[in-house]
>>> print(open('input-v8.txt').read())   # compact mmCIF, C-alpha atoms and all ligand atoms
# COMPACT_ATOMS: atom_id res chain seq x y z
CA MET P 1 17.10 9.44 -18.05
CA THR P 2 14.29 7.02 -18.88
CA ASN P 3 10.99 7.66 -20.63
CA ILE P 4 8.29 6.60 -18.19
CA ALA P 5 4.48 6.55 -18.34
CA PHE P 6 2.80 6.91 -14.94
CA ILE P 7 -0.89 5.98 -14.58
CA GLY P 8 -2.76 7.05 -11.45
CA LEU P 9 -1.78 10.33 -9.79
CA GLY P 10 -3.69 9.90 -6.51
CA ASN P 11 -2.49 10.43 -2.94
CA MET P 12 0.40 8.05 -3.52
CA GLY P 13 0.95 8.20 -7.28
CA GLY P 14 1.08 12.01 -7.47
CA PRO P 15 4.13 12.45 -5.21
CA MET P 16 5.78 9.25 -6.54
CA ALA P 17 5.58 10.54 -10.13
CA ALA P 18 6.87 13.94 -8.99
CA ASN P 19 9.91 12.23 -7.42
CA LEU P 20 10.66 10.50 -10.73
CA VAL P 21 10.66 13.92 -12.43
CA LYS P 22 12.96 15.27 -9.70
CA ALA P 23 15.34 12.37 -10.38
CA GLY P 24 15.60 13.52 -14.02
CA HIS P 25 13.27 11.06 -15.77
CA GLN P 26 10.97 12.09 -18.59
CA VAL P 27 7.52 11.26 -17.17
CA THR P 28 4.20 11.36 -19.00
CA ALA P 29 1.19 10.73 -16.80
CA PHE P 30 -2.50 10.02 -17.05
CA ASP P 31 -5.22 10.18 -14.40
CA LEU P 32 -9.00 10.40 -14.68
CA VAL P 33 -8.89 13.57 -12.56
CA GLN P 34 -7.80 16.70 -14.47
CA ALA P 35 -6.74 18.56 -11.29
CA SER P 36 -4.18 15.82 -10.52
CA LEU P 37 -2.77 16.12 -14.04
CA ASP P 38 -2.52 19.91 -13.69
CA GLU P 39 -0.63 19.54 -10.41
CA PHE P 40 1.75 17.06 -12.03
CA VAL P 41 2.44 19.46 -14.92
CA SER P 42 3.29 22.20 -12.42
CA ALA P 43 5.76 19.73 -10.84
CA GLY P 44 7.53 19.43 -14.22
CA GLY P 45 5.80 16.37 -15.68
CA GLN P 46 3.83 15.94 -18.89
CA ALA P 47 0.12 15.16 -19.05
CA ALA P 48 -1.46 12.79 -21.57
CA ALA P 49 -5.08 12.66 -22.69
CA SER P 50 -5.37 8.91 -22.08
CA ALA P 51 -3.37 5.97 -20.75
CA LEU P 52 -2.79 4.89 -24.35
CA ALA P 53 -1.41 8.32 -25.26
CA ALA P 54 0.83 8.27 -22.15
CA ILE P 55 2.66 5.08 -23.23
CA ALA P 56 3.71 6.39 -26.65
CA GLY P 57 7.50 6.05 -26.92
CA VAL P 58 8.13 5.02 -23.30
CA ASP P 59 10.33 2.20 -22.01
CA ILE P 60 8.60 1.75 -18.66
CA VAL P 61 4.99 1.97 -17.45
CA ILE P 62 4.22 2.44 -13.75
CA SER P 63 0.70 2.23 -12.33
CA MET P 64 -0.67 3.25 -8.92
CA LEU P 65 -4.38 2.47 -8.98
CA PRO P 66 -6.99 1.70 -6.32
CA ALA P 67 -7.72 -2.03 -6.81
CA GLY P 68 -7.31 -5.15 -8.96
CA LYS P 69 -10.21 -4.36 -11.29
CA HIS P 70 -8.59 -1.04 -12.28
CA VAL P 71 -5.24 -2.73 -12.92
CA ALA P 72 -6.83 -5.55 -14.97
CA GLY P 73 -8.85 -2.99 -16.97
CA LEU P 74 -5.76 -0.89 -17.68
CA TYR P 75 -3.46 -3.69 -18.83
CA LEU P 76 -5.81 -6.38 -20.14
CA GLY P 77 -8.68 -4.21 -21.39
CA ASN P 78 -12.34 -4.19 -20.52
CA GLY P 79 -13.71 -6.56 -23.12
CA ALA P 80 -13.38 -7.33 -26.80
CA ASP P 81 -13.92 -3.73 -27.89
CA GLN P 82 -11.24 -2.22 -25.66
CA LEU P 83 -7.66 -3.45 -25.77
CA GLY P 84 -5.45 -3.05 -22.73
CA LEU P 85 -2.02 -1.43 -22.57
CA LEU P 86 -0.23 -4.80 -22.90
CA ASP P 87 -1.54 -5.10 -26.45
CA ASN P 88 -0.14 -1.67 -27.25
CA LEU P 89 3.31 -1.87 -25.69
CA PRO P 90 6.33 -3.03 -27.69
CA LYS P 91 8.16 -6.21 -26.71
CA GLY P 92 10.89 -5.50 -24.17
CA SER P 93 8.91 -2.85 -22.27
CA LEU P 94 8.83 -3.00 -18.47
CA VAL P 95 5.57 -2.75 -16.50
CA ILE P 96 5.68 -1.94 -12.77
CA ASP P 97 2.37 -2.11 -10.93
CA SER P 98 2.68 -0.56 -7.47
CA SER P 99 -1.01 -0.74 -6.56
CA THR P 100 -2.02 -2.97 -3.64
CA ILE P 101 -4.19 -5.60 -5.33
CA ASP P 102 -5.24 -9.25 -5.13
CA VAL P 103 -2.58 -11.82 -5.97
CA GLU P 104 -4.68 -13.46 -8.66
CA THR P 105 -4.87 -10.25 -10.74
CA ALA P 106 -1.16 -9.55 -10.24
CA ARG P 107 -0.29 -13.05 -11.51
CA LYS P 108 -2.75 -12.80 -14.40
CA VAL P 109 -1.29 -9.50 -15.61
CA GLY P 110 2.23 -10.88 -15.09
CA LEU P 111 1.45 -13.93 -17.21
CA ALA P 112 -0.19 -11.88 -19.97
CA ALA P 113 2.86 -9.59 -20.03
CA ALA P 114 5.28 -12.54 -20.24
CA GLN P 115 3.27 -14.01 -23.15
CA ARG P 116 3.83 -10.75 -25.04
CA GLY P 117 7.56 -10.49 -24.25
CA ILE P 118 6.96 -7.67 -21.75
CA ASP P 119 8.72 -7.60 -18.37
CA PHE P 120 6.41 -7.29 -15.36
CA VAL P 121 6.83 -6.77 -11.62
CA ASP P 122 4.23 -6.22 -8.93
CA ALA P 123 5.74 -3.70 -6.53
CA PRO P 124 3.29 -2.68 -3.79
CA VAL P 125 4.57 -0.15 -1.30
CA SER P 126 4.72 0.44 2.41
CA GLY P 127 5.31 3.86 3.93
CA GLY P 128 2.10 5.79 3.25
CA THR P 129 1.66 9.23 1.77
CA ALA P 130 4.47 10.69 3.90
CA GLY P 131 6.89 8.10 2.48
CA ALA P 132 5.60 8.77 -1.04
CA LYS P 133 6.32 12.50 -0.66
CA ALA P 134 9.72 12.00 0.98
CA GLY P 135 10.78 9.33 -1.53
CA THR P 136 11.37 6.85 1.30
CA LEU P 137 8.83 4.15 0.42
CA SER P 138 9.58 0.46 0.77
CA PHE P 139 8.89 -1.46 -2.44
CA ILE P 140 8.06 -5.15 -2.06
CA VAL P 141 8.67 -6.61 -5.48
CA GLY P 142 7.49 -9.81 -7.15
CA GLY P 143 8.84 -10.89 -10.53
CA GLU P 144 11.74 -12.58 -12.27
CA GLN P 145 15.24 -11.60 -11.10
CA SER P 146 16.03 -9.87 -14.42
CA CYS P 147 12.79 -7.83 -14.21
CA PHE P 148 13.56 -6.92 -10.60
CA GLU P 149 17.05 -5.73 -11.54
CA ARG P 150 15.61 -3.61 -14.32
CA ALA P 151 12.99 -2.03 -12.05
CA GLN P 152 15.34 -1.39 -9.13
CA PRO P 153 17.02 1.87 -10.28
CA VAL P 154 13.65 3.42 -11.12
CA LEU P 155 12.14 2.37 -7.80
CA GLU P 156 15.15 3.87 -6.01
CA ALA P 157 14.03 7.30 -7.20
CA MET P 158 10.82 6.83 -5.17
CA GLY P 159 11.89 4.65 -2.28
CA LYS P 160 14.58 3.69 0.18
CA ASN P 161 14.17 -0.07 0.67
CA ILE P 162 13.64 -2.26 -2.38
CA PHE P 163 12.93 -5.92 -1.55
CA HIS P 164 12.68 -8.85 -3.94
CA ALA P 165 10.03 -11.18 -2.45
CA GLY P 166 9.89 -13.82 -5.23
CA ASP P 167 8.05 -14.38 -8.52
CA ALA P 168 5.13 -12.34 -9.91
CA GLY P 169 2.48 -11.90 -7.19
CA ALA P 170 4.99 -12.45 -4.36
CA GLY P 171 5.20 -8.71 -3.67
CA GLN P 172 1.46 -8.62 -2.99
CA ILE P 173 1.61 -11.72 -0.76
CA ALA P 174 4.48 -10.30 1.31
CA LYS P 175 2.70 -6.98 1.73
CA MET P 176 -0.52 -8.74 2.85
CA CYS P 177 1.37 -10.89 5.36
CA ASN P 178 2.99 -7.78 6.81
CA ASN P 179 -0.24 -5.80 7.07
CA MET P 180 -2.16 -8.74 8.55
CA LEU P 181 0.54 -9.05 11.22
CA LEU P 182 0.44 -5.28 11.78
CA SER P 183 -3.34 -5.40 12.35
CA VAL P 184 -2.91 -8.17 14.94
CA LEU P 185 -0.08 -6.30 16.70
CA MET P 186 -2.03 -3.05 16.79
CA ALA P 187 -5.22 -4.67 18.08
CA GLY P 188 -3.30 -6.66 20.71
CA THR P 189 -1.35 -3.61 21.83
CA ALA P 190 -4.52 -1.50 22.14
CA GLU P 191 -6.21 -4.30 24.06
CA ALA P 192 -3.39 -4.71 26.58
CA LEU P 193 -3.02 -0.95 27.13
CA GLN P 194 -6.74 -0.51 27.60
CA MET P 195 -6.83 -3.28 30.22
CA GLY P 196 -3.92 -1.70 32.06
CA VAL P 197 -5.54 1.74 32.07
CA GLU P 198 -8.82 0.30 33.36
CA ASN P 199 -6.86 -1.28 36.18
CA GLY P 200 -5.39 2.05 37.20
CA LEU P 201 -2.09 2.06 35.29
CA ASP P 202 -0.64 5.08 33.52
CA PRO P 203 -0.49 4.08 29.81
CA LYS P 204 2.91 5.74 29.45
CA VAL P 205 4.36 3.77 32.37
CA LEU P 206 2.79 0.54 31.11
CA SER P 207 4.15 1.24 27.60
CA ASP P 208 7.65 1.83 29.00
CA ILE P 209 7.45 -1.48 30.89
CA MET P 210 6.19 -3.51 27.91
CA VAL P 211 8.67 -1.91 25.47
CA LYS P 212 11.46 -3.31 27.66
CA SER P 213 9.66 -6.64 28.15
CA SER P 214 8.57 -9.46 25.90
CA GLY P 215 5.47 -7.61 24.64
CA ARG P 216 7.68 -5.18 22.72
CA ASN P 217 6.49 -4.52 19.17
CA TRP P 218 6.32 -1.75 16.54
CA ALA P 219 2.76 -0.64 17.38
CA LEU P 220 3.73 -0.18 21.04
CA GLU P 221 7.14 1.35 20.53
CA ILE P 222 6.81 3.53 17.42
CA TYR P 223 3.08 4.06 16.85
CA ASN P 224 1.52 3.91 20.33
CA PRO P 225 -2.31 3.91 20.02
CA VAL P 226 -3.04 5.79 23.28
CA PRO P 227 -3.43 9.59 22.99
CA GLY P 228 -0.67 11.52 24.74
CA VAL P 229 1.73 8.61 25.25
CA MET P 230 4.01 9.59 22.34
CA ASP P 231 4.49 12.85 20.48
CA GLY P 232 3.99 12.87 16.72
CA THR P 233 1.72 9.82 16.48
CA PRO P 234 -1.76 9.93 14.93
CA ALA P 235 -3.10 8.92 18.41
CA SER P 236 -1.78 12.22 19.79
CA ASN P 237 -3.42 14.09 16.89
CA ASN P 238 -7.04 12.90 17.20
CA TYR P 239 -6.12 9.89 15.03
CA GLN P 240 -5.71 12.15 11.99
CA GLY P 241 -3.17 11.33 9.25
CA GLY P 242 -1.34 8.01 9.14
CA PHE P 243 -2.92 4.83 7.76
CA MET P 244 -6.70 4.88 7.53
CA VAL P 245 -8.95 2.14 8.96
CA ASP P 246 -10.57 1.86 5.50
CA LEU P 247 -7.19 1.04 3.93
CA MET P 248 -6.40 -1.52 6.62
CA ASN P 249 -9.79 -3.11 5.92
CA LYS P 250 -8.98 -3.24 2.21
CA ASP P 251 -5.64 -4.94 2.92
CA LEU P 252 -7.20 -7.39 5.39
CA GLY P 253 -9.83 -8.29 2.79
CA LEU P 254 -7.02 -9.08 0.33
CA ALA P 255 -5.11 -11.07 2.97
CA LEU P 256 -8.14 -13.17 3.92
CA GLY P 257 -8.90 -13.77 0.22
CA ALA P 258 -5.34 -15.00 -0.32
CA ALA P 259 -5.54 -17.18 2.81
CA GLN P 260 -8.71 -18.77 1.47
CA SER P 261 -7.03 -19.50 -1.88
CA SER P 262 -4.06 -21.18 -0.18
CA ASN P 263 -6.27 -22.85 2.47
CA SER P 264 -4.16 -21.17 5.16
CA ASN P 265 -5.35 -21.07 8.75
CA VAL P 266 -5.47 -17.39 9.85
CA PRO P 267 -7.67 -17.13 12.97
CA MET P 268 -5.81 -14.08 14.31
CA GLY P 269 -6.10 -12.30 10.97
CA GLN P 270 -9.82 -13.09 10.87
CA GLN P 271 -10.32 -11.79 14.40
CA ALA P 272 -8.40 -8.58 13.67
CA SER P 273 -10.36 -8.16 10.45
CA GLN P 274 -13.67 -8.38 12.35
CA LEU P 275 -12.49 -5.74 14.84
CA PHE P 276 -11.29 -3.28 12.19
CA LYS P 277 -14.40 -3.86 10.08
CA ALA P 278 -16.73 -3.15 13.04
CA HIS P 279 -14.68 -0.02 13.81
CA GLY P 280 -14.95 1.18 10.20
CA ASP P 281 -18.67 0.33 10.02
CA ALA P 282 -19.20 2.46 13.14
CA GLY P 283 -18.13 5.51 11.11
CA HIS P 284 -14.40 5.60 11.86
CA GLY P 285 -13.05 4.45 8.49
CA GLY P 286 -11.29 7.78 7.91
CA LEU P 287 -9.33 7.67 11.19
CA ASP P 288 -5.85 6.24 11.55
CA PHE P 289 -5.93 2.51 12.28
CA SER P 290 -4.45 2.98 15.78
CA SER P 291 -7.91 4.39 16.71
CA ILE P 292 -8.86 0.72 17.22
CA TYR P 293 -7.90 1.65 20.82
CA GLN P 294 -11.16 3.64 21.01
CA HIS P 295 -13.11 0.66 19.68
CA TYR P 296 -12.35 -1.23 22.89
CA SER P 297 -13.73 1.44 25.22
CA ASN P 298 -16.66 2.20 22.87
CA ASN P 299 -17.73 -1.45 22.71
CA LYS P 300 -17.98 -2.79 26.24
CA VAL P 301 -19.82 -6.07 26.58
P1 LIG X 1 -6.12 7.26 -4.64
O1 LIG X 1 -7.55 6.86 -4.70
O2 LIG X 1 -5.74 8.53 -3.98
O3 LIG X 1 -5.51 7.31 -6.14
C1 LIG X 1 -5.87 6.46 -7.18
C2 LIG X 1 -5.83 7.28 -8.46
O4 LIG X 1 -6.06 6.43 -9.57
C3 LIG X 1 -6.91 8.37 -8.51
O5 LIG X 1 -6.29 9.62 -8.76
C4 LIG X 1 -7.81 7.94 -9.67
O6 LIG X 1 -8.35 9.03 -10.38
C5 LIG X 1 -6.84 7.15 -10.51
N1 LIG X 1 -7.46 6.19 -11.42
C6 LIG X 1 -8.38 5.23 -11.16
N2 LIG X 1 -8.65 4.51 -12.27
C7 LIG X 1 -7.86 5.02 -13.26
C8 LIG X 1 -7.69 4.72 -14.64
N3 LIG X 1 -8.35 3.73 -15.22
N4 LIG X 1 -6.80 5.45 -15.33
C9 LIG X 1 -6.11 6.44 -14.75
N5 LIG X 1 -6.24 6.79 -13.46
C10 LIG X 1 -7.11 6.09 -12.72
O7 LIG X 1 -5.35 6.02 -3.99
P2 LIG X 1 -3.91 6.04 -3.30
O8 LIG X 1 -4.04 6.36 -1.85
O9 LIG X 1 -2.97 6.81 -4.16
O10 LIG X 1 -3.55 4.48 -3.37
C11 LIG X 1 -3.14 3.85 -4.58
C12 LIG X 1 -2.76 2.42 -4.27
O11 LIG X 1 -1.72 2.40 -3.29
C13 LIG X 1 -3.91 1.59 -3.67
O12 LIG X 1 -3.86 0.30 -4.20
C14 LIG X 1 -3.62 1.61 -2.17
O13 LIG X 1 -4.14 0.47 -1.49
C15 LIG X 1 -2.10 1.62 -2.17
N6 LIG X 1 -1.49 2.20 -0.96
C16 LIG X 1 -1.97 3.35 -0.41
C17 LIG X 1 -1.37 3.87 0.74
C18 LIG X 1 -1.88 5.15 1.36
O14 LIG X 1 -1.46 5.46 2.50
N7 LIG X 1 -2.73 5.94 0.68
C19 LIG X 1 -0.28 3.22 1.33
C20 LIG X 1 0.22 2.05 0.72
C21 LIG X 1 -0.40 1.56 -0.41
>>> encode(input="input-v8.txt", output="structure tokens")
Amino acid sequence: MTNIAFIGLGNMGGPMAANLVKAGHQVTAFDLVQASLDEFVSAGGQAAASALAAIAGVDIVISMLPAGKHVAGLYLGNGADQLGLLDNLPKGSLVIDSSTIDVETARKVGLAAAQRGIDFVDAPVSGGTAGAKAGTLSFIVGGEQSCFERAQPVLEAMGKNIFHAGDAGAGQIAKMCNNMLLSVLMAGTAEALQMGVENGLDPKVLSDIMVKSSGRNWALEIYNPVPGVMDGTPASNNYQGGFMVDLMNKDLGLALGAAQSSNSNVPMGQQASQLFKAHGDAGHGGLDFSSIYQHYSNNKV
């Protein structure tokens, strides 16, 4: 059993923290929303009145927050009058940030932690809310080998695949690369299927052909974007559930920001980003990202 503080009990953090409790850890949590804290207490956890109160006597802090500014505020503070958690944790503590954030913030927090003798890993996740509930998330970890090894057993209580991508910030980079590729694959798959349908093909037949041909990919085979082609996909459920267009747009924004910093050439990522942004701006941000299929038929030139 480990004493853990968990900050951020949202759609992902709530079930992740509950899985830590189920695994026998002593977990004290803080969130700005009282209802989330109440739910966590009914799952067997302990609620704290602030993030600072939550870290009292713990060995490990885990955070699952919306964006880089929240993570920087939590760990580094919000100005001279408000110290961050790093200034209040004893040397030898371990910090695991699982939020999906910009690489620069992840590296900055990692460096500040190292300067204080605190272990740090960025450990963004893949697998969505269903994976968070089932404890089957993939964790993509950046940090020193010794920090990774320390985090691994705790992450195993919340996930199935734990990858070590490299040094601090590498987890965020790997996650961005994956999601940028996913956006390109989904847009390309939707585009090809739409063209086939408009030329009289049955999307199921065309999907079967392409799955056994060189166009095979995850979006086509596992997460087909055309309604009715596969059971159990968001496309066959009015694009409800799954991975929202708004979240894909957030991740693409982070990916393009990182590409700019490294002067990387990402024309496909930029094109996919424009498509998903236009789709979100048209009022579909809350739909699953495979609904980009509808964007093609809704936006004829
Ligand atoms: P969410 O908005 O549901 O939860 C964030 C929680 O953080 C909220 O409960 C909010 O009250 C809390 N919070 C914000 N600032 C805080 C502070 N200073 N102190 C304490 N609590 C604070 O978001 P989510 O869907 O749980 O996502 C969390 C992170 O995981 C994001 O970075 C997101 O990009 C990433 N992610 C989400 C999914 C998904 O499918 N939802 C999948 C993979 C990764």
>>> closest_residue(input="input-v8.txt", among="P:Ile173, P:Ala113, P:Met244, P:Ala17", to="ligand LIG 1 (chain X)", atoms="only C-alpha atoms and all ligand atoms")
P:Met244
>>> residues_near_ligand(input="input-v8.txt", ligand="ligand LIG 1 (chain X)", cutoff="7 Å", atoms="all atoms listed in the file", output="PDB file with C-alpha atoms, in the frame of the given file")
ATOM      1  CA  ILE P   7      -0.890   5.980 -14.580  1.00  0.00           C
ATOM      2  CA  GLY P   8      -2.760   7.050 -11.450  1.00  0.00           C
ATOM      3  CA  LEU P   9      -1.780  10.330  -9.790  1.00  0.00           C
ATOM      4  CA  GLY P  10      -3.690   9.900  -6.510  1.00  0.00           C
ATOM      5  CA  ASN P  11      -2.490  10.430  -2.940  1.00  0.00           C
ATOM      6  CA  MET P  12       0.400   8.050  -3.520  1.00  0.00           C
ATOM      7  CA  GLY P  13       0.950   8.200  -7.280  1.00  0.00           C
ATOM      8  CA  PHE P  30      -2.500  10.020 -17.050  1.00  0.00           C
ATOM      9  CA  ASP P  31      -5.220  10.180 -14.400  1.00  0.00           C
ATOM     10  CA  LEU P  32      -9.000  10.400 -14.680  1.00  0.00           C
ATOM     11  CA  VAL P  33      -8.890  13.570 -12.560  1.00  0.00           C
ATOM     12  CA  SER P  36      -4.180  15.820 -10.520  1.00  0.00           C
ATOM     13  CA  ALA P  51      -3.370   5.970 -20.750  1.00  0.00           C
ATOM     14  CA  MET P  64      -0.670   3.250  -8.920  1.00  0.00           C
ATOM     15  CA  LEU P  65      -4.380   2.470  -8.980  1.00  0.00           C
ATOM     16  CA  PRO P  66      -6.990   1.700  -6.320  1.00  0.00           C
ATOM     17  CA  ALA P  67      -7.720  -2.030  -6.810  1.00  0.00           C
ATOM     18  CA  HIS P  70      -8.590  -1.040 -12.280  1.00  0.00           C
ATOM     19  CA  GLY P  73      -8.850  -2.990 -16.970  1.00  0.00           C
ATOM     20  CA  LEU P  74      -5.760  -0.890 -17.680  1.00  0.00           C
ATOM     21  CA  SER P  98       2.680  -0.560  -7.470  1.00  0.00           C
ATOM     22  CA  SER P  99      -1.010  -0.740  -6.560  1.00  0.00           C
ATOM     23  CA  THR P 100      -2.020  -2.970  -3.640  1.00  0.00           C
ATOM     24  CA  ILE P 101      -4.190  -5.600  -5.330  1.00  0.00           C
ATOM     25  CA  PRO P 124       3.290  -2.680  -3.790  1.00  0.00           C
ATOM     26  CA  VAL P 125       4.570  -0.150  -1.300  1.00  0.00           C
ATOM     27  CA  SER P 126       4.720   0.440   2.410  1.00  0.00           C
ATOM     28  CA  GLY P 127       5.310   3.860   3.930  1.00  0.00           C
ATOM     29  CA  GLY P 128       2.100   5.790   3.250  1.00  0.00           C
ATOM     30  CA  THR P 129       1.660   9.230   1.770  1.00  0.00           C
ATOM     31  CA  PHE P 243      -2.920   4.830   7.760  1.00  0.00           C
ATOM     32  CA  LEU P 247      -7.190   1.040   3.930  1.00  0.00           C
TER      33      LEU P 247
END
>>> residues_around(input="input-v8.txt", residues="Asp167 in chain P", least_positions_apart="3", cutoff="7 Å", atoms="all atoms listed in the file", output="list in words")
Gly142, Gly143, Glu144 and Ala170 of chain P
>>> closest_residue(input="input-v8.txt", among="P:Pro15, P:Gln294, P:Met158, P:Asn224", to="Asp208 in chain P", atoms="only C-alpha atoms")
P:Asn224
>>> closest_residue(input="input-v8.txt", among="P:Ala130, P:Val154, P:Met186, P:Ile140", to="Ser291 in chain P", atoms="all atoms listed in the file")
P:Met186
>>> closest_residue(input="input-v8.txt", among="P:Gln240, P:Ser63, P:Asn178, P:Asn19", to="Ala43 in chain P", atoms="only C-alpha atoms")
P:Asn19
>>> residues_near_point(input="input-v8.txt", point="(4.3, -7.0, 20.8)", cutoff="10 Å", atoms="only C-alpha atoms", output="ChimeraX atom specification")
/P:182,184-186,188-189,192,210-211,213-221
>>> residues_around(input="input-v8.txt", residues="Asp119 in chain P", least_positions_apart="3", cutoff="12 Å", atoms="only C-alpha atoms", output="PDB file with C-alpha atoms, in the coordinates of the input")
ATOM      1  CA  ASP P  59      10.330   2.200 -22.010  1.00  0.00           C
ATOM      2  CA  ILE P  60       8.600   1.750 -18.660  1.00  0.00           C
ATOM      3  CA  VAL P  61       4.990   1.970 -17.450  1.00  0.00           C
ATOM      4  CA  ILE P  62       4.220   2.440 -13.750  1.00  0.00           C
ATOM      5  CA  LEU P  86      -0.230  -4.800 -22.900  1.00  0.00           C
ATOM      6  CA  LEU P  89       3.310  -1.870 -25.690  1.00  0.00           C
ATOM      7  CA  PRO P  90       6.330  -3.030 -27.690  1.00  0.00           C
ATOM      8  CA  LYS P  91       8.160  -6.210 -26.710  1.00  0.00           C
ATOM      9  CA  GLY P  92      10.890  -5.500 -24.170  1.00  0.00           C
ATOM     10  CA  SER P  93       8.910  -2.850 -22.270  1.00  0.00           C
ATOM     11  CA  LEU P  94       8.830  -3.000 -18.470  1.00  0.00           C
ATOM     12  CA  VAL P  95       5.570  -2.750 -16.500  1.00  0.00           C
ATOM     13  CA  ILE P  96       5.680  -1.940 -12.770  1.00  0.00           C
ATOM     14  CA  ASP P  97       2.370  -2.110 -10.930  1.00  0.00           C
ATOM     15  CA  VAL P 109      -1.290  -9.500 -15.610  1.00  0.00           C
ATOM     16  CA  GLY P 110       2.230 -10.880 -15.090  1.00  0.00           C
ATOM     17  CA  LEU P 111       1.450 -13.930 -17.210  1.00  0.00           C
ATOM     18  CA  ALA P 112      -0.190 -11.880 -19.970  1.00  0.00           C
ATOM     19  CA  ALA P 113       2.860  -9.590 -20.030  1.00  0.00           C
ATOM     20  CA  ALA P 114       5.280 -12.540 -20.240  1.00  0.00           C
ATOM     21  CA  GLN P 115       3.270 -14.010 -23.150  1.00  0.00           C
ATOM     22  CA  ARG P 116       3.830 -10.750 -25.040  1.00  0.00           C
ATOM     23  CA  ASP P 122       4.230  -6.220  -8.930  1.00  0.00           C
ATOM     24  CA  GLY P 142       7.490  -9.810  -7.150  1.00  0.00           C
ATOM     25  CA  GLY P 143       8.840 -10.890 -10.530  1.00  0.00           C
ATOM     26  CA  GLU P 144      11.740 -12.580 -12.270  1.00  0.00           C
ATOM     27  CA  GLN P 145      15.240 -11.600 -11.100  1.00  0.00           C
ATOM     28  CA  SER P 146      16.030  -9.870 -14.420  1.00  0.00           C
ATOM     29  CA  CYS P 147      12.790  -7.830 -14.210  1.00  0.00           C
ATOM     30  CA  PHE P 148      13.560  -6.920 -10.600  1.00  0.00           C
ATOM     31  CA  GLU P 149      17.050  -5.730 -11.540  1.00  0.00           C
ATOM     32  CA  ARG P 150      15.610  -3.610 -14.320  1.00  0.00           C
ATOM     33  CA  ALA P 151      12.990  -2.030 -12.050  1.00  0.00           C
ATOM     34  CA  ASP P 167       8.050 -14.380  -8.520  1.00  0.00           C
ATOM     35  CA  ALA P 168       5.130 -12.340  -9.910  1.00  0.00           C
TER      36      ALA P 168
END
>>> closest_residue(input="input-v8.txt", among="P:Lys277, P:Lys175, P:Lys69, P:Lys212", to="Thr105 in chain P", atoms="all atoms listed in the file")
P:Lys69
>>> atom_distance(input="input-v8.txt", atom1="CA of Ala235 in chain P", atom2="CA of Ala282 in chain P")
18.1 Å
>>> residues_around(input="input-v8.txt", residues="Phe139 in chain P", least_positions_apart="2", cutoff="7 Å", atoms="all atoms listed in the file", output="ChimeraX atom specification")
/P:123-126,137,141,159,161-163
>>> closest_residue(input="input-v8.txt", among="P:Lys204, P:Glu104, P:Asn299, P:Asp38", to="Ser261 in chain P", atoms="only C-alpha atoms")
P:Glu104
>>> residues_around(input="input-v8.txt", residues="Tyr239 in chain P", least_positions_apart="4", cutoff="8 Å", atoms="all atoms listed in the file", output="PyMOL selection string")
chain P and resi 233-235+287-291
>>> write_last_selection(input="input-v8.txt", atoms="C-alpha atoms", output="mmCIF file, in the coordinates of the input")
data_model
loop_
_atom_site.group_PDB
_atom_site.id
_atom_site.type_symbol
_atom_site.label_atom_id
_atom_site.label_comp_id
_atom_site.auth_asym_id
_atom_site.auth_seq_id
_atom_site.Cartn_x
_atom_site.Cartn_y
_atom_site.Cartn_z
ATOM 1 C CA THR P 233 1.720 9.820 16.480
ATOM 2 C CA PRO P 234 -1.760 9.930 14.930
ATOM 3 C CA ALA P 235 -3.100 8.920 18.410
ATOM 4 C CA LEU P 287 -9.330 7.670 11.190
ATOM 5 C CA ASP P 288 -5.850 6.240 11.550
ATOM 6 C CA PHE P 289 -5.930 2.510 12.280
ATOM 7 C CA SER P 290 -4.450 2.980 15.780
ATOM 8 C CA SER P 291 -7.910 4.390 16.710
#
